[in-house]
Amino acid sequence: MAHFGFPLETILIFFAAIAFSVFMDLFAHRRTKEITVLDASLWSVFWVSLALAFYGYLWVRFDKQWADLYLAGVALEKSLSIDNLMVFMAIFASFGIKGVLQHRILYWGIIGALVFRALFVAAGTGLFHLAPWVGFGFAAVVAWSGWKMLTARGEDKEIMDYSEHWSVKLTERLMPIFPRLHAERFFLTRVIVNDLAKADPTIKLAKDAAIFATPAFLCLMAIETSDIMFAFDSVPAVIAVTQEPLLVYAAMIFAVLGLRSLYFVLAALTKYLVHLEKAVIALLFFIAFKLTLQSGEHVFGWDFLHIGPNTSLLIVLGTLGAGVVASFIWPEKAEETT
């Protein structure tokens, strides 16, 4: 099977579509006071349609096998990202962030996702090609993630206070913090801070400075560092589907971009999709098995089982579909674990 490589046309189309779409989303919400479920649903449909349009482009311009690998990666990354919503919810709750400010923070988080996931994908695919045995390590990481999710089921999970997160503490050491939210700003000048402090004597500043960060920026730091930790699990998982860096990166970015809008819809739906987590756990173990097979084929010459792109796509979509359908057929099981 030939390598997909880095076609200049595909790179330009991908980044042009991403840049234009993110700009349009931010422009459309520049005066929005509250993100409604309807608005989030419409934008979620837009992002899914954009991801499918890129799938169609890959199919028509290149070959169906590349398109299928990309689509399987999108579906897998999306399913793994859904579980991260609970962390985002806890982070926003810790800082008292609501409504449109959540949307703004999530979309500024895209910049970090674009940069850090590019680094992870380049490192991960490069290591896999240079030293196939690294795939065994990737398989162990993915399997460990699945095991942690499996053993955590049924436990009473305390909501972590992310205002005490290490990334927040580090930011507080590096720059002065204004203790209150102010509009939708991440930073405030000394003039604004002094005016606010005069109006409210209860505000105490640790030190004087030209620029102060607000709790919104601390929240963004927690979101960014959490997203980096998510990449440790998701990058090896998507690499199991395909080791083509451009396809892996495109799949992850389209999934992450869509999740930012889908957050407001899924935040209301997660309590109903009670069996989706089981589907994600099953997929993680499948991915660990597939990574082990791929590495064994390269290192030891195993040839007793080969899972092709079409089979991977069917397994990913079928498992996720089964989790969603089961959630609506047997919803009462959610109550048994609470």
# chains A, B, ... in the order shown; residues from 1 in each chain; ligands from 1
$ residues_around --residues "stretch 235-242 of chain A" --least-positions-apart "6" --cutoff "10 Å" --atoms "only C-alpha atoms" --output "MDAnalysis selection string"
chainID A and resid 66 68:77 80 117:118 120:125 128 135 137:143 248:249 251:252 283:295 307:309 312:313 316
$ write_last_selection --atoms "N, CA and C atoms" --output "short mmCIF file (atom, residue, chain, number, x, y, z; two decimals), in the first residue's frame"
data_model
loop_
_atom_site.label_atom_id
_atom_site.label_comp_id
_atom_site.auth_asym_id
_atom_site.auth_seq_id
_atom_site.Cartn_x
_atom_site.Cartn_y
_atom_site.Cartn_z
N TRP A 66 -8.11 5.78 1.37
CA TRP A 66 -7.63 6.90 2.18
C TRP A 66 -8.78 7.60 2.87
N ASP A 68 -11.62 6.28 3.78
CA ASP A 68 -12.13 5.43 4.86
C ASP A 68 -11.23 5.49 6.09
N LEU A 69 -9.91 5.53 5.88
CA LEU A 69 -8.98 5.63 7.00
C LEU A 69 -9.20 6.94 7.75
N TYR A 70 -9.37 8.01 7.00
CA TYR A 70 -9.64 9.32 7.61
C TYR A 70 -10.95 9.30 8.40
N LEU A 71 -12.01 8.75 7.80
CA LEU A 71 -13.32 8.74 8.47
C LEU A 71 -13.30 7.90 9.74
N ALA A 72 -12.60 6.76 9.68
CA ALA A 72 -12.47 5.93 10.88
C ALA A 72 -11.73 6.69 11.98
N GLY A 73 -10.72 7.47 11.59
CA GLY A 73 -10.00 8.28 12.57
C GLY A 73 -10.87 9.35 13.18
N VAL A 74 -11.71 10.00 12.36
CA VAL A 74 -12.63 11.03 12.88
C VAL A 74 -13.60 10.42 13.89
N ALA A 75 -14.20 9.29 13.51
CA ALA A 75 -15.17 8.64 14.40
C ALA A 75 -14.53 8.21 15.71
N LEU A 76 -13.31 7.66 15.63
CA LEU A 76 -12.63 7.21 16.84
C LEU A 76 -12.25 8.39 17.73
N GLU A 77 -11.69 9.44 17.14
CA GLU A 77 -11.29 10.61 17.93
C GLU A 77 -12.50 11.28 18.56
N LEU A 80 -13.62 9.22 21.57
CA LEU A 80 -12.72 9.37 22.71
C LEU A 80 -12.86 10.76 23.34
N ARG A 117 -1.38 19.00 18.99
CA ARG A 117 -1.69 17.73 18.34
C ARG A 117 -0.84 17.53 17.09
N ALA A 118 -0.44 18.61 16.44
CA ALA A 118 0.48 18.48 15.30
C ALA A 118 1.81 17.91 15.79
N PHE A 120 2.30 16.07 18.54
CA PHE A 120 2.09 14.69 18.96
C PHE A 120 1.98 13.75 17.76
N VAL A 121 1.25 14.18 16.73
CA VAL A 121 1.08 13.34 15.54
C VAL A 121 2.41 13.14 14.84
N ALA A 122 3.19 14.22 14.69
CA ALA A 122 4.49 14.12 14.03
C ALA A 122 5.41 13.17 14.80
N ALA A 123 5.43 13.33 16.12
CA ALA A 123 6.29 12.48 16.94
C ALA A 123 5.81 11.03 16.93
N GLY A 124 4.50 10.83 17.07
CA GLY A 124 3.95 9.48 17.13
C GLY A 124 4.13 8.70 15.85
N THR A 125 3.74 9.31 14.72
CA THR A 125 3.87 8.61 13.44
C THR A 125 5.34 8.42 13.06
N PHE A 128 6.67 5.53 15.05
CA PHE A 128 6.11 4.26 14.58
C PHE A 128 6.81 3.79 13.31
N GLY A 135 5.08 0.66 18.67
CA GLY A 135 3.65 0.37 18.65
C GLY A 135 3.19 -0.45 19.84
N GLY A 137 4.36 -0.10 22.82
CA GLY A 137 4.18 0.89 23.89
C GLY A 137 2.89 1.67 23.72
N PHE A 138 2.58 2.04 22.46
CA PHE A 138 1.32 2.72 22.19
C PHE A 138 0.13 1.84 22.59
N ALA A 139 0.24 0.56 22.27
CA ALA A 139 -0.84 -0.37 22.61
C ALA A 139 -1.04 -0.44 24.12
N ALA A 140 0.07 -0.42 24.87
CA ALA A 140 -0.02 -0.47 26.33
C ALA A 140 -0.69 0.80 26.87
N VAL A 141 -0.37 1.97 26.28
CA VAL A 141 -0.98 3.23 26.71
C VAL A 141 -2.49 3.19 26.49
N VAL A 142 -2.90 2.76 25.29
CA VAL A 142 -4.33 2.71 24.96
C VAL A 142 -5.05 1.70 25.84
N ALA A 143 -4.44 0.51 26.03
CA ALA A 143 -5.06 -0.52 26.87
C ALA A 143 -5.19 -0.04 28.32
N VAL A 248 -4.08 11.41 9.93
CA VAL A 248 -4.26 11.37 11.38
C VAL A 248 -4.57 12.78 11.90
N TYR A 249 -3.79 13.75 11.45
CA TYR A 249 -3.97 15.13 11.93
C TYR A 249 -5.31 15.69 11.49
N ALA A 251 -8.04 14.04 10.76
CA ALA A 251 -9.10 13.36 11.50
C ALA A 251 -9.25 13.93 12.90
N MET A 252 -8.12 14.16 13.58
CA MET A 252 -8.17 14.65 14.95
C MET A 252 -8.69 16.08 15.01
N LEU A 283 -13.77 -0.08 22.28
CA LEU A 283 -12.95 0.41 21.17
C LEU A 283 -11.48 0.57 21.58
N LEU A 284 -11.24 1.02 22.80
CA LEU A 284 -9.87 1.18 23.27
C LEU A 284 -9.14 -0.16 23.30
N PHE A 285 -9.81 -1.20 23.77
CA PHE A 285 -9.18 -2.52 23.79
C PHE A 285 -8.99 -3.07 22.38
N PHE A 286 -9.94 -2.78 21.49
CA PHE A 286 -9.78 -3.18 20.09
C PHE A 286 -8.58 -2.49 19.47
N ILE A 287 -8.44 -1.19 19.72
CA ILE A 287 -7.32 -0.42 19.18
C ILE A 287 -5.99 -0.94 19.72
N ALA A 288 -5.94 -1.27 21.01
CA ALA A 288 -4.72 -1.82 21.60
C ALA A 288 -4.36 -3.14 20.92
N PHE A 289 -5.38 -3.97 20.65
CA PHE A 289 -5.16 -5.25 19.96
C PHE A 289 -4.65 -5.01 18.55
N LYS A 290 -5.23 -4.04 17.83
CA LYS A 290 -4.82 -3.75 16.47
C LYS A 290 -3.39 -3.20 16.42
N LEU A 291 -3.04 -2.34 17.36
CA LEU A 291 -1.67 -1.83 17.44
C LEU A 291 -0.66 -2.95 17.68
N THR A 292 -1.05 -3.89 18.55
CA THR A 292 -0.18 -5.02 18.83
C THR A 292 0.03 -5.87 17.58
N LEU A 293 -1.05 -6.11 16.83
CA LEU A 293 -0.94 -6.87 15.59
C LEU A 293 -0.05 -6.16 14.57
N GLN A 294 -0.25 -4.85 14.42
CA GLN A 294 0.54 -4.10 13.45
C GLN A 294 2.03 -4.12 13.80
N SER A 295 2.33 -3.91 15.08
CA SER A 295 3.73 -3.92 15.50
C SER A 295 4.33 -5.32 15.36
N ILE A 307 -6.28 -6.70 9.91
CA ILE A 307 -7.52 -5.91 10.00
C ILE A 307 -7.40 -4.73 9.05
N GLY A 308 -8.10 -4.78 7.93
CA GLY A 308 -8.00 -3.76 6.90
C GLY A 308 -8.74 -2.48 7.25
N PRO A 309 -8.56 -1.44 6.43
CA PRO A 309 -9.21 -0.15 6.67
C PRO A 309 -10.73 -0.23 6.73
N SER A 312 -11.78 -1.87 9.96
CA SER A 312 -11.61 -0.94 11.09
C SER A 312 -12.74 0.08 11.13
N LEU A 313 -13.09 0.62 9.96
CA LEU A 313 -14.16 1.62 9.90
C LEU A 313 -15.48 1.02 10.37
N VAL A 316 -15.37 0.49 14.23
CA VAL A 316 -15.47 1.74 14.98
C VAL A 316 -16.89 2.28 14.95
#
$ residues_around --residues "A:Ile13" --least-positions-apart "5" --cutoff "9 Å" --atoms "only C-alpha atoms" --output "number ranges by chain"
A: 8, 18, 54
$ residues_around --residues "A:Ala67" --least-positions-apart "6" --cutoff "6 Å" --atoms "only C-alpha atoms" --output "PyMOL selection string"
chain A and resi 55+58-59
$ closest_atom_pairs --of "stretch 51-127 of chain A" --to "stretch 184-190 of chain A" --cutoff "10 Å" --atoms "only C-alpha atoms" --output "tab-separated table"
residue	atom	partner	partner_atom	distance
A:Ile97	CA	A:Glu184	CA	9.9
A:Val100	CA	A:Glu184	CA	8.6
A:Leu101	CA	A:Glu184	CA	6.1
A:Gln102	CA	A:Glu184	CA	9.6
A:Arg104	CA	A:Glu184	CA	8.1
A:Ile105	CA	A:Glu184	CA	9.2
$ write_last_selection --atoms "all heavy atoms" --output "PDB file, in the first residue's frame"
ATOM      1  N   ILE A  97     -17.513  29.625  35.058  1.00  0.00           N
ATOM      2  CA  ILE A  97     -17.627  30.075  33.667  1.00  0.00           C
ATOM      3  C   ILE A  97     -18.926  29.547  33.067  1.00  0.00           C
ATOM      4  O   ILE A  97     -19.199  28.352  33.142  1.00  0.00           O
ATOM      5  CB  ILE A  97     -16.438  29.599  32.821  1.00  0.00           C
ATOM      6  CG1 ILE A  97     -15.122  30.005  33.464  1.00  0.00           C
ATOM      7  CG2 ILE A  97     -16.545  30.124  31.393  1.00  0.00           C
ATOM      8  CD1 ILE A  97     -14.873  31.472  33.528  1.00  0.00           C
ATOM      9  N   VAL A 100     -21.651  32.038  26.908  1.00  0.00           N
ATOM     10  CA  VAL A 100     -20.833  32.397  25.751  1.00  0.00           C
ATOM     11  C   VAL A 100     -19.348  32.420  26.084  1.00  0.00           C
ATOM     12  O   VAL A 100     -18.506  32.189  25.206  1.00  0.00           O
ATOM     13  CB  VAL A 100     -21.282  33.766  25.184  1.00  0.00           C
ATOM     14  CG1 VAL A 100     -20.888  34.905  26.119  1.00  0.00           C
ATOM     15  CG2 VAL A 100     -20.721  33.981  23.792  1.00  0.00           C
ATOM     16  N   LEU A 101     -18.987  32.661  27.332  1.00  0.00           N
ATOM     17  CA  LEU A 101     -17.575  32.651  27.702  1.00  0.00           C
ATOM     18  C   LEU A 101     -17.003  31.237  27.590  1.00  0.00           C
ATOM     19  O   LEU A 101     -15.829  31.059  27.257  1.00  0.00           O
ATOM     20  CB  LEU A 101     -17.389  33.192  29.123  1.00  0.00           C
ATOM     21  CG  LEU A 101     -15.937  33.367  29.602  1.00  0.00           C
ATOM     22  CD1 LEU A 101     -15.129  34.189  28.602  1.00  0.00           C
ATOM     23  CD2 LEU A 101     -15.900  34.009  30.977  1.00  0.00           C
ATOM     24  N   GLN A 102     -17.823  30.215  27.859  1.00  0.00           N
ATOM     25  CA  GLN A 102     -17.394  28.840  27.630  1.00  0.00           C
ATOM     26  C   GLN A 102     -17.038  28.640  26.163  1.00  0.00           C
ATOM     27  O   GLN A 102     -16.004  28.052  25.825  1.00  0.00           O
ATOM     28  CB  GLN A 102     -18.505  27.860  28.026  1.00  0.00           C
ATOM     29  CG  GLN A 102     -18.789  27.781  29.505  1.00  0.00           C
ATOM     30  CD  GLN A 102     -19.856  26.742  29.819  1.00  0.00           C
ATOM     31  OE1 GLN A 102     -20.514  26.212  28.923  1.00  0.00           O
ATOM     32  NE2 GLN A 102     -20.042  26.455  31.094  1.00  0.00           N
ATOM     33  N   ARG A 104     -16.125  30.886  23.983  1.00  0.00           N
ATOM     34  CA  ARG A 104     -14.910  31.630  23.642  1.00  0.00           C
ATOM     35  C   ARG A 104     -13.659  30.901  24.124  1.00  0.00           C
ATOM     36  O   ARG A 104     -12.657  30.811  23.405  1.00  0.00           O
ATOM     37  CB  ARG A 104     -14.975  33.027  24.269  1.00  0.00           C
ATOM     38  CG  ARG A 104     -13.820  33.933  23.875  1.00  0.00           C
ATOM     39  CD  ARG A 104     -14.135  35.387  24.214  1.00  0.00           C
ATOM     40  NE  ARG A 104     -13.089  36.263  23.700  1.00  0.00           N
ATOM     41  CZ  ARG A 104     -12.120  36.776  24.439  1.00  0.00           C
ATOM     42  NH1 ARG A 104     -12.071  36.519  25.738  1.00  0.00           N
ATOM     43  NH2 ARG A 104     -11.212  37.563  23.908  1.00  0.00           N
ATOM     44  N   ILE A 105     -13.709  30.368  25.337  1.00  0.00           N
ATOM     45  CA  ILE A 105     -12.556  29.646  25.874  1.00  0.00           C
ATOM     46  C   ILE A 105     -12.285  28.381  25.078  1.00  0.00           C
ATOM     47  O   ILE A 105     -11.135  28.061  24.750  1.00  0.00           O
ATOM     48  CB  ILE A 105     -12.782  29.320  27.364  1.00  0.00           C
ATOM     49  CG1 ILE A 105     -12.710  30.605  28.190  1.00  0.00           C
ATOM     50  CG2 ILE A 105     -11.743  28.316  27.868  1.00  0.00           C
ATOM     51  CD1 ILE A 105     -13.072  30.430  29.646  1.00  0.00           C
TER      52      ILE A 105
END
$ atom_distance --atom1 "atom CA of A:Tyr162" --atom2 "atom CA of A:Ile91"
5.5 Å
$ closest_residue --among "A:Val191, A:Ile110, A:Ile281, A:Leu130" --to "A:Phe212" --atoms "only C-alpha atoms"
A:Val191
$ closest_residue --among "A:Met221, A:Trp133, A:Phe178, A:Ile228" --to "A:Phe300" --atoms "only C-alpha atoms"
A:Trp133
$ atom_distance --atom1 "atom CA of A:Ala113" --atom2 "atom CA of A:Ser163"
21.3 Å
$ closest_residue --among "A:Gly318, A:Gly296, A:Pro245, A:Asp208" --to "A:Phe4" --atoms "only C-alpha atoms"
A:Pro245
$ atom_distance --atom1 "atom CA of A:Asp25" --atom2 "atom CA of A:Met229"
25.9 Å
$ select_by_dssp --residues "stretch 75-292 of chain A" --states "alpha helix (DSSP H)" --output "ChimeraX atom specification"
/A:75-82,85-95,99-130,134-152,166-174,190-199,215-241,245-269,276-292
$ select_by_dssp --residues "stretch 43-288 of chain A" --states "strand (DSSP E or B)" --output "ChimeraX atom specification"
/A:177,187-189,211-213
$ write_last_selection --atoms "N, CA, C and O atoms" --output "PDB file, in the first residue's frame"
ATOM      1  N   ILE A 177      -2.641  37.878  39.125  1.00  0.00           N
ATOM      2  CA  ILE A 177      -4.001  37.471  38.795  1.00  0.00           C
ATOM      3  C   ILE A 177      -4.995  38.460  39.392  1.00  0.00           C
ATOM      4  O   ILE A 177      -4.903  38.815  40.563  1.00  0.00           O
ATOM      5  N   PHE A 187      -7.214  39.149  29.928  1.00  0.00           N
ATOM      6  CA  PHE A 187      -6.220  40.014  30.562  1.00  0.00           C
ATOM      7  C   PHE A 187      -6.809  41.406  30.784  1.00  0.00           C
ATOM      8  O   PHE A 187      -7.680  41.855  30.035  1.00  0.00           O
ATOM      9  N   LEU A 188      -6.306  42.074  31.827  1.00  0.00           N
ATOM     10  CA  LEU A 188      -6.726  43.435  32.133  1.00  0.00           C
ATOM     11  C   LEU A 188      -5.490  44.304  32.331  1.00  0.00           C
ATOM     12  O   LEU A 188      -4.484  43.863  32.902  1.00  0.00           O
ATOM     13  N   THR A 189      -5.588  45.546  31.869  1.00  0.00           N
ATOM     14  CA  THR A 189      -4.471  46.485  32.079  1.00  0.00           C
ATOM     15  C   THR A 189      -4.504  47.020  33.510  1.00  0.00           C
ATOM     16  O   THR A 189      -5.510  46.898  34.221  1.00  0.00           O
ATOM     17  N   ILE A 211       0.008  44.159  33.416  1.00  0.00           N
ATOM     18  CA  ILE A 211      -1.046  43.278  32.896  1.00  0.00           C
ATOM     19  C   ILE A 211      -1.421  42.260  33.966  1.00  0.00           C
ATOM     20  O   ILE A 211      -0.550  41.688  34.635  1.00  0.00           O
ATOM     21  N   PHE A 212      -2.718  42.011  34.123  1.00  0.00           N
ATOM     22  CA  PHE A 212      -3.230  41.012  35.050  1.00  0.00           C
ATOM     23  C   PHE A 212      -4.043  39.965  34.270  1.00  0.00           C
ATOM     24  O   PHE A 212      -4.803  40.322  33.366  1.00  0.00           O
ATOM     25  N   ALA A 213      -3.870  38.711  34.630  1.00  0.00           N
ATOM     26  CA  ALA A 213      -4.694  37.647  34.048  1.00  0.00           C
ATOM     27  C   ALA A 213      -5.975  37.511  34.865  1.00  0.00           C
ATOM     28  O   ALA A 213      -5.988  37.786  36.073  1.00  0.00           O
TER      29      ALA A 213
END
